[in-house]
Amino acid sequence: MTATSPQPALPVIPGASAGRALLSRAAGFMPAVVALVLGLWGAWYPSPWTDEIVTIDVARRSWPQMMELLGRVDAVHGLHYVLMWLVGQVNGGLYWYAARVPSAVAVAVAAAGLTWLGRLLGGRRPGLYAGLVLAVLPTASRYAQEARSFAFVMAVAVLATGVLVKVLSTGARGRWPVAYAVLIALLGWFNLIGLLLVAAHAVTVVLCRPGRRVVVRLLLASAAGFAAVVPLLVLAAAQRSAVGDAAPVSAGTPFGYFSWLLTPGQGTLPTALRLLLTSTALAALVLLAVHRRKAPPQALAVGVPWLTVPPLLLLAVSLGHPLFAYRYLLFCLPALALLLALATTVVPPYQQLLLALLAAVPMYASHQAIRQVDSRQWDTHAVISSLSTRDAPGDAVLFAGARCGLMATAFKEAFTNRPDVGRARTAAASGALDNLPADPALLQQRLSHTSRVWHVSCTHLSPGARQAAARTAAAQKQALIRAGFTPAYHHSARGVDITIEQRPTSTQPAAAATR
């Protein structure tokens, strides 16, 4: 019997393990980079609409003017306004396209946070997949390109959920309970409805069954976070009238919510593609339910309540007082991304490929749709384009519709030397969100001193604002007729009507032109 010689050991390549660690670390940053690139891609194309224009107007005010506003109205968005004001101070001014960049950064933070959370719950692959799914979802990119607080709420919600998991896994030791309290406070200050996440976290804690000490510390941390939001709750209760109208809930609301999480559409995505994407996501979740034993139990205990509990609670509240606006629930989008990522890790490779192929076309179409100029509720670029091609010296403007006149704030250059004859005081000077309209006598006097007026009506408004805007537009039209003006040009775009009203002269008879 002869002895066999041992197999030679494979040579160790110096730095190979360090290289793999570096690649692994770099892969962890990939979702954040993808989210930021998609968030910035084409962010300058879509027209800024009502809420964004309000953000820009408030952020351009002086500090005393902003504090006066928040003491009267819209305190619920105060933290975001302060943040945007600081951005404007650093940049030397806040312009509408730059105002969207912070939201893109917030979505990138959310993608990075979800990658970290996924790794805590299931390892590297689920973490990477979860971050990438969130980064490529069209709804994430849509709100990365909006100068409002919703992307920030989503980012804080992801970080708070990650800290919750750390508390559950470390036994509530160290700095994690304090971090949880701080993040819950931030969540409430960015948007009070974001505090519904705490109810989802409570269900997660019940499902995970941690020790009594952990539960007590989480309760104390949550109480501290809520206590920090109490001043805002008191102030917001007195400003309830500032809350915009929301559509009543119906039997189709839950499906609409789920479909919106996948793609906001903005009415430009064909119904067939929207249904294909929604069906594909539902199929992935069904496959996850079938193979749930292969998924990390704690990941399901985190993702399912996060996706379902906040909308159910908001739905219940909205039965008595309508508040169910889809954008308020953007902070639940990472939960869907986490569950879809888990689904791809528990099914065979051919099913992963099939799901990806089915989702690719509608997602690409949705990404294209949300970057169109008229993909928002107001096509303000149509107003600017008309002004630049048809303006004349001495032209004035007249706005009809709630906050429609703030358009001149977002596009200062386009409205330079074009007086607003329908405004008595600016919103900033009156400590309000809307410009103070001129009384009929003042409007009539101003109309007598101009020969041509751009009458801009904003038509995409909430039901209450739409009625008020219709009354304002009718009164303005009567004033124009009394002053001898007739339409010389009209153009309708998404959410706006543009009419040039002109006083006829002996050498230039009035003629209505329509395009």
# chains A, B, ... in the order shown; residues from 1 in each chain; ligands from 1
call {"tool": "residues_around", "arguments": {"residues": "region 205-214 of chain A", "least_positions_apart": "2", "cutoff": "7 Å", "atoms": "only C-alpha atoms", "output": "list in words"}}
result
Leu168, Gly171, Ala172, His201, Ala202, Val203, Val216, Arg217, Leu218, Gln298 and Ala301 of chain A
call {"tool": "closest_residue", "arguments": {"among": "A:Val153, A:Ala236, A:Leu285, A:Ala337", "to": "Gly127 (chain A)", "atoms": "only C-alpha atoms"}}
result
A:Ala337
call {"tool": "select_by_dssp", "arguments": {"residues": "region 73-181 of chain A", "states": "alpha helix (DSSP H)", "output": "mmCIF file with C-alpha atoms, in the first residue's frame"}}
result
data_model
loop_
_atom_site.group_PDB
_atom_site.id
_atom_site.type_symbol
_atom_site.label_atom_id
_atom_site.label_comp_id
_atom_site.auth_asym_id
_atom_site.auth_seq_id
_atom_site.Cartn_x
_atom_site.Cartn_y
_atom_site.Cartn_z
ATOM 1 C CA GLY A 78 -42.116 73.691 8.518
ATOM 2 C CA LEU A 79 -39.020 71.513 8.865
ATOM 3 C CA HIS A 80 -38.854 71.019 5.106
ATOM 4 C CA TYR A 81 -39.284 74.737 4.478
ATOM 5 C CA VAL A 82 -36.462 75.509 6.905
ATOM 6 C CA LEU A 83 -34.227 72.967 5.196
ATOM 7 C CA MET A 84 -34.964 74.411 1.771
ATOM 8 C CA TRP A 85 -34.406 77.935 3.099
ATOM 9 C CA LEU A 86 -30.950 76.846 4.277
ATOM 10 C CA VAL A 87 -30.231 75.319 0.861
ATOM 11 C CA GLY A 88 -31.185 78.624 -0.732
ATOM 12 C CA GLN A 89 -28.876 80.520 1.613
ATOM 13 C CA VAL A 90 -25.955 78.267 0.688
ATOM 14 C CA ASN A 91 -26.656 78.506 -3.056
ATOM 15 C CA VAL A 101 -31.884 68.073 -5.803
ATOM 16 C CA PRO A 102 -32.327 67.601 -2.012
ATOM 17 C CA SER A 103 -35.196 65.180 -2.660
ATOM 18 C CA ALA A 104 -32.977 63.164 -5.028
ATOM 19 C CA VAL A 105 -30.354 62.958 -2.285
ATOM 20 C CA ALA A 106 -33.037 61.847 0.207
ATOM 21 C CA VAL A 107 -34.110 58.986 -2.092
ATOM 22 C CA ALA A 108 -30.464 57.936 -2.429
ATOM 23 C CA VAL A 109 -30.222 57.879 1.383
ATOM 24 C CA ALA A 110 -33.375 55.752 1.495
ATOM 25 C CA ALA A 111 -31.878 53.267 -0.995
ATOM 26 C CA ALA A 112 -28.642 53.068 1.008
ATOM 27 C CA GLY A 113 -30.614 52.655 4.232
ATOM 28 C CA LEU A 114 -32.751 49.886 2.761
ATOM 29 C CA THR A 115 -29.596 48.077 1.600
ATOM 30 C CA TRP A 116 -28.341 48.223 5.194
ATOM 31 C CA LEU A 117 -31.709 47.091 6.546
ATOM 32 C CA GLY A 118 -31.898 44.196 4.084
ATOM 33 C CA ARG A 119 -28.439 43.037 5.143
ATOM 34 C CA LEU A 120 -29.483 43.122 8.793
ATOM 35 C CA LEU A 121 -32.547 41.027 8.015
ATOM 36 C CA GLY A 122 -31.278 38.523 5.484
ATOM 37 C CA ARG A 124 -25.843 40.754 1.564
ATOM 38 C CA ARG A 125 -27.933 39.567 -1.370
ATOM 39 C CA PRO A 126 -31.380 40.559 -0.001
ATOM 40 C CA GLY A 127 -29.924 43.886 1.090
ATOM 41 C CA LEU A 128 -28.447 44.638 -2.327
ATOM 42 C CA TYR A 129 -31.623 43.543 -4.127
ATOM 43 C CA ALA A 130 -33.877 45.599 -1.836
ATOM 44 C CA GLY A 131 -31.839 48.752 -2.347
ATOM 45 C CA LEU A 132 -31.746 48.290 -6.120
ATOM 46 C CA VAL A 133 -35.485 47.590 -6.369
ATOM 47 C CA LEU A 134 -36.246 50.802 -4.474
ATOM 48 C CA ALA A 135 -33.777 52.737 -6.625
ATOM 49 C CA VAL A 136 -35.355 51.664 -9.931
ATOM 50 C CA PRO A 138 -40.544 54.840 -10.975
ATOM 51 C CA THR A 139 -42.427 56.200 -7.958
ATOM 52 C CA ALA A 140 -39.145 56.656 -6.091
ATOM 53 C CA SER A 141 -37.723 58.640 -9.014
ATOM 54 C CA ARG A 142 -40.935 60.661 -9.346
ATOM 55 C CA TYR A 143 -40.633 61.939 -5.780
ATOM 56 C CA ALA A 144 -36.878 62.332 -6.092
ATOM 57 C CA PHE A 150 -42.146 63.151 0.996
ATOM 58 C CA ALA A 151 -38.734 61.787 -0.038
ATOM 59 C CA PHE A 152 -37.326 62.934 3.311
ATOM 60 C CA VAL A 153 -40.113 61.146 5.182
ATOM 61 C CA MET A 154 -39.282 57.969 3.274
ATOM 62 C CA ALA A 155 -35.564 58.231 4.067
ATOM 63 C CA VAL A 156 -36.203 58.771 7.785
ATOM 64 C CA ALA A 157 -38.707 55.883 7.832
ATOM 65 C CA VAL A 158 -36.077 53.522 6.391
ATOM 66 C CA LEU A 159 -33.455 54.600 8.918
ATOM 67 C CA ALA A 160 -35.929 54.333 11.807
ATOM 68 C CA THR A 161 -36.853 50.796 10.736
ATOM 69 C CA GLY A 162 -33.189 49.837 10.490
ATOM 70 C CA VAL A 163 -32.579 51.165 13.993
ATOM 71 C CA LEU A 164 -35.622 49.223 15.230
ATOM 72 C CA VAL A 165 -34.073 46.022 13.891
ATOM 73 C CA LYS A 166 -30.782 46.873 15.610
ATOM 74 C CA VAL A 167 -32.638 47.396 18.885
ATOM 75 C CA LEU A 168 -34.380 44.045 18.502
ATOM 76 C CA SER A 169 -31.135 42.244 17.655
ATOM 77 C CA THR A 170 -28.893 43.892 20.281
ATOM 78 C CA TRP A 176 -29.814 52.556 19.412
ATOM 79 C CA PRO A 177 -32.904 53.392 21.536
ATOM 80 C CA VAL A 178 -31.803 57.051 21.605
ATOM 81 C CA ALA A 179 -31.343 57.024 17.828
ATOM 82 C CA TYR A 180 -34.811 55.506 17.456
ATOM 83 C CA ALA A 181 -36.374 58.310 19.517
#
call {"tool": "closest_residue", "arguments": {"among": "A:Ser388, A:Ser457, A:Gln65, A:Ser366", "to": "Trp260 (chain A)", "atoms": "only C-alpha atoms"}}
result
A:Ser366
call {"tool": "residues_around", "arguments": {"residues": "Val230 (chain A)", "least_positions_apart": "6", "cutoff": "12 Å", "atoms": "only C-alpha atoms", "output": "PyMOL selection string"}}
result
chain A and resi 76+185+188-189+192+195+223-224+236-237
call {"tool": "write_last_selection", "arguments": {"atoms": "C-alpha atoms", "output": "PDB file, in the first residue's frame"}}
result
ATOM      1  CA  VAL A  76     -46.718  70.646   9.207  1.00  0.00           C
ATOM      2  CA  ALA A 185     -39.254  62.811  16.192  1.00  0.00           C
ATOM      3  CA  GLY A 188     -43.206  63.491  12.758  1.00  0.00           C
ATOM      4  CA  TRP A 189     -41.654  66.879  12.090  1.00  0.00           C
ATOM      5  CA  LEU A 192     -47.271  63.905  10.941  1.00  0.00           C
ATOM      6  CA  LEU A 195     -45.941  58.603  12.566  1.00  0.00           C
ATOM      7  CA  ALA A 223     -42.796  58.108  23.845  1.00  0.00           C
ATOM      8  CA  ALA A 224     -39.781  60.439  23.753  1.00  0.00           C
ATOM      9  CA  ALA A 236     -51.161  71.868  13.394  1.00  0.00           C
ATOM     10  CA  ALA A 237     -54.495  71.296  15.155  1.00  0.00           C
TER      11      ALA A 237
END
call {"tool": "residues_around", "arguments": {"residues": "Arg293 (chain A)", "least_positions_apart": "5", "cutoff": "12 Å", "atoms": "only C-alpha atoms", "output": "PDB file with C-alpha atoms, in the first residue's frame"}}
result
ATOM      1  CA  LEU A 287     -44.548  33.495  -4.803  1.00  0.00           C
ATOM      2  CA  LEU A 288     -43.032  34.947  -1.632  1.00  0.00           C
ATOM      3  CA  GLN A 298     -37.787  38.717  10.792  1.00  0.00           C
ATOM      4  CA  ALA A 299     -37.731  40.252   7.304  1.00  0.00           C
ATOM      5  CA  LEU A 300     -41.378  39.294   6.792  1.00  0.00           C
ATOM      6  CA  LEU A 342     -37.157  38.802  -0.774  1.00  0.00           C
ATOM      7  CA  ALA A 343     -39.353  37.224  -3.445  1.00  0.00           C
ATOM      8  CA  THR A 345     -34.228  35.376  -3.376  1.00  0.00           C
ATOM      9  CA  VAL A 346     -36.645  32.507  -2.691  1.00  0.00           C
ATOM     10  CA  VAL A 347     -37.693  31.571  -6.245  1.00  0.00           C
TER      11      VAL A 347
END
call {"tool": "closest_residue", "arguments": {"among": "A:Val421, A:Ala432, A:Val234, A:Ala359", "to": "Leu277 (chain A)", "atoms": "only C-alpha atoms"}}
result
A:Ala359
call {"tool": "residues_around", "arguments": {"residues": "Phe415 (chain A)", "least_positions_apart": "6", "cutoff": "9 Å", "atoms": "only C-alpha atoms", "output": "number ranges by chain"}}
result
A: 384, 387, 397, 407-409
call {"tool": "write_last_selection", "arguments": {"atoms": "N, CA and C atoms", "output": "PDB file, in the first residue's frame"}}
result
ATOM      1  N   ILE A 384     -44.529  79.770 -19.778  1.00  0.00           N
ATOM      2  CA  ILE A 384     -43.251  80.450 -20.039  1.00  0.00           C
ATOM      3  C   ILE A 384     -42.955  80.476 -21.533  1.00  0.00           C
ATOM      4  N   LEU A 387     -45.090  83.084 -23.188  1.00  0.00           N
ATOM      5  CA  LEU A 387     -44.588  84.419 -22.867  1.00  0.00           C
ATOM      6  C   LEU A 387     -43.372  84.777 -23.713  1.00  0.00           C
ATOM      7  N   VAL A 397     -49.856  90.803 -16.444  1.00  0.00           N
ATOM      8  CA  VAL A 397     -50.374  89.460 -16.232  1.00  0.00           C
ATOM      9  C   VAL A 397     -51.496  89.520 -15.204  1.00  0.00           C
ATOM     10  N   MET A 407     -46.557  81.415  -9.524  1.00  0.00           N
ATOM     11  CA  MET A 407     -45.779  81.019 -10.691  1.00  0.00           C
ATOM     12  C   MET A 407     -44.722  82.076 -11.033  1.00  0.00           C
ATOM     13  N   ALA A 408     -45.067  83.327 -10.800  1.00  0.00           N
ATOM     14  CA  ALA A 408     -44.136  84.412 -11.091  1.00  0.00           C
ATOM     15  C   ALA A 408     -42.948  84.401 -10.142  1.00  0.00           C
ATOM     16  N   THR A 409     -43.090  83.735  -8.980  1.00  0.00           N
ATOM     17  CA  THR A 409     -41.969  83.608  -8.048  1.00  0.00           C
ATOM     18  C   THR A 409     -40.998  82.539  -8.518  1.00  0.00           C
TER      19      THR A 409
END
call {"tool": "decode", "arguments": {"residues": "region 381-417 of chain A", "atoms": "N, CA and C atoms", "output": "compact mmCIF listing (two decimals), in the first residue's frame"}}
result
# COMPACT_ATOMS: atom_id res chain seq x y z
N HIS A 381 -44.37 75.24 -17.95
CA HIS A 381 -43.47 75.55 -19.07
C HIS A 381 -44.26 76.07 -20.27
N ALA A 382 -45.52 75.64 -20.41
CA ALA A 382 -46.33 76.14 -21.51
C ALA A 382 -46.58 77.64 -21.35
N VAL A 383 -46.75 78.09 -20.11
CA VAL A 383 -46.93 79.52 -19.85
C VAL A 383 -45.66 80.28 -20.22
N ILE A 384 -44.53 79.77 -19.78
CA ILE A 384 -43.25 80.45 -20.04
C ILE A 384 -42.96 80.48 -21.53
N SER A 385 -43.23 79.37 -22.20
CA SER A 385 -42.98 79.30 -23.64
C SER A 385 -43.84 80.31 -24.40
N SER A 386 -45.11 80.41 -24.01
CA SER A 386 -46.00 81.38 -24.67
C SER A 386 -45.52 82.81 -24.43
N LEU A 387 -45.09 83.08 -23.19
CA LEU A 387 -44.59 84.42 -22.87
C LEU A 387 -43.37 84.78 -23.71
N SER A 388 -42.48 83.82 -23.88
CA SER A 388 -41.22 84.10 -24.58
C SER A 388 -41.42 84.31 -26.07
N THR A 389 -42.50 83.74 -26.63
CA THR A 389 -42.70 83.84 -28.09
C THR A 389 -43.72 84.91 -28.49
N ARG A 390 -44.59 85.31 -27.56
CA ARG A 390 -45.67 86.22 -27.94
C ARG A 390 -45.73 87.48 -27.08
N ASP A 391 -44.71 87.73 -26.27
CA ASP A 391 -44.77 88.89 -25.39
C ASP A 391 -44.57 90.18 -26.18
N ALA A 392 -44.97 91.27 -25.56
CA ALA A 392 -44.81 92.60 -26.16
C ALA A 392 -44.53 93.59 -25.04
N PRO A 393 -43.84 94.67 -25.33
CA PRO A 393 -43.55 95.67 -24.30
C PRO A 393 -44.84 96.18 -23.65
N GLY A 394 -44.82 96.30 -22.33
CA GLY A 394 -45.97 96.82 -21.61
C GLY A 394 -47.00 95.78 -21.23
N ASP A 395 -46.77 94.51 -21.56
CA ASP A 395 -47.72 93.45 -21.19
C ASP A 395 -47.83 93.34 -19.67
N ALA A 396 -49.05 93.05 -19.20
CA ALA A 396 -49.30 92.77 -17.78
C ALA A 396 -49.81 91.33 -17.67
N VAL A 397 -49.86 90.80 -16.44
CA VAL A 397 -50.37 89.46 -16.23
C VAL A 397 -51.50 89.52 -15.20
N LEU A 398 -52.39 88.54 -15.31
CA LEU A 398 -53.52 88.43 -14.39
C LEU A 398 -53.75 86.95 -14.12
N PHE A 399 -53.57 86.53 -12.88
CA PHE A 399 -53.67 85.12 -12.54
C PHE A 399 -55.01 84.82 -11.87
N ALA A 400 -55.57 83.65 -12.21
CA ALA A 400 -56.80 83.18 -11.57
C ALA A 400 -56.56 81.76 -11.07
N GLY A 401 -56.87 81.52 -9.81
CA GLY A 401 -56.66 80.18 -9.25
C GLY A 401 -55.76 80.24 -8.04
N ALA A 402 -56.07 79.43 -7.03
CA ALA A 402 -55.31 79.44 -5.79
C ALA A 402 -53.82 79.22 -6.06
N ARG A 403 -53.00 80.11 -5.59
CA ARG A 403 -51.55 80.04 -5.68
C ARG A 403 -51.03 80.09 -7.11
N CYS A 404 -51.91 80.36 -8.05
CA CYS A 404 -51.49 80.42 -9.45
C CYS A 404 -50.48 81.54 -9.64
N GLY A 405 -50.69 82.65 -8.93
CA GLY A 405 -49.80 83.80 -9.07
C GLY A 405 -48.40 83.56 -8.57
N LEU A 406 -48.21 82.51 -7.74
CA LEU A 406 -46.86 82.20 -7.26
C LEU A 406 -45.97 81.70 -8.38
N MET A 407 -46.56 81.42 -9.52
CA MET A 407 -45.78 81.02 -10.69
C MET A 407 -44.72 82.08 -11.03
N ALA A 408 -45.07 83.33 -10.80
CA ALA A 408 -44.14 84.41 -11.09
C ALA A 408 -42.95 84.40 -10.14
N THR A 409 -43.09 83.74 -8.98
CA THR A 409 -41.97 83.61 -8.05
C THR A 409 -41.00 82.54 -8.52
N ALA A 410 -41.54 81.42 -8.97
CA ALA A 410 -40.68 80.32 -9.43
C ALA A 410 -39.95 80.66 -10.71
N PHE A 411 -40.55 81.52 -11.54
CA PHE A 411 -39.94 81.91 -12.82
C PHE A 411 -39.78 83.43 -12.86
N LYS A 412 -38.97 83.93 -11.96
CA LYS A 412 -38.82 85.39 -11.83
C LYS A 412 -38.39 86.04 -13.14
N GLU A 413 -37.43 85.41 -13.82
CA GLU A 413 -36.89 86.02 -15.03
C GLU A 413 -37.96 86.18 -16.10
N ALA A 414 -38.85 85.19 -16.22
CA ALA A 414 -39.87 85.23 -17.27
C ALA A 414 -40.90 86.32 -17.03
N PHE A 415 -41.11 86.68 -15.76
CA PHE A 415 -42.15 87.67 -15.44
C PHE A 415 -41.58 89.04 -15.08
N THR A 416 -40.29 89.24 -15.33
CA THR A 416 -39.69 90.55 -15.07
C THR A 416 -40.35 91.61 -15.96
N ASN A 417 -40.66 92.76 -15.38
CA ASN A 417 -41.29 93.89 -16.08
C ASN A 417 -42.69 93.56 -16.58
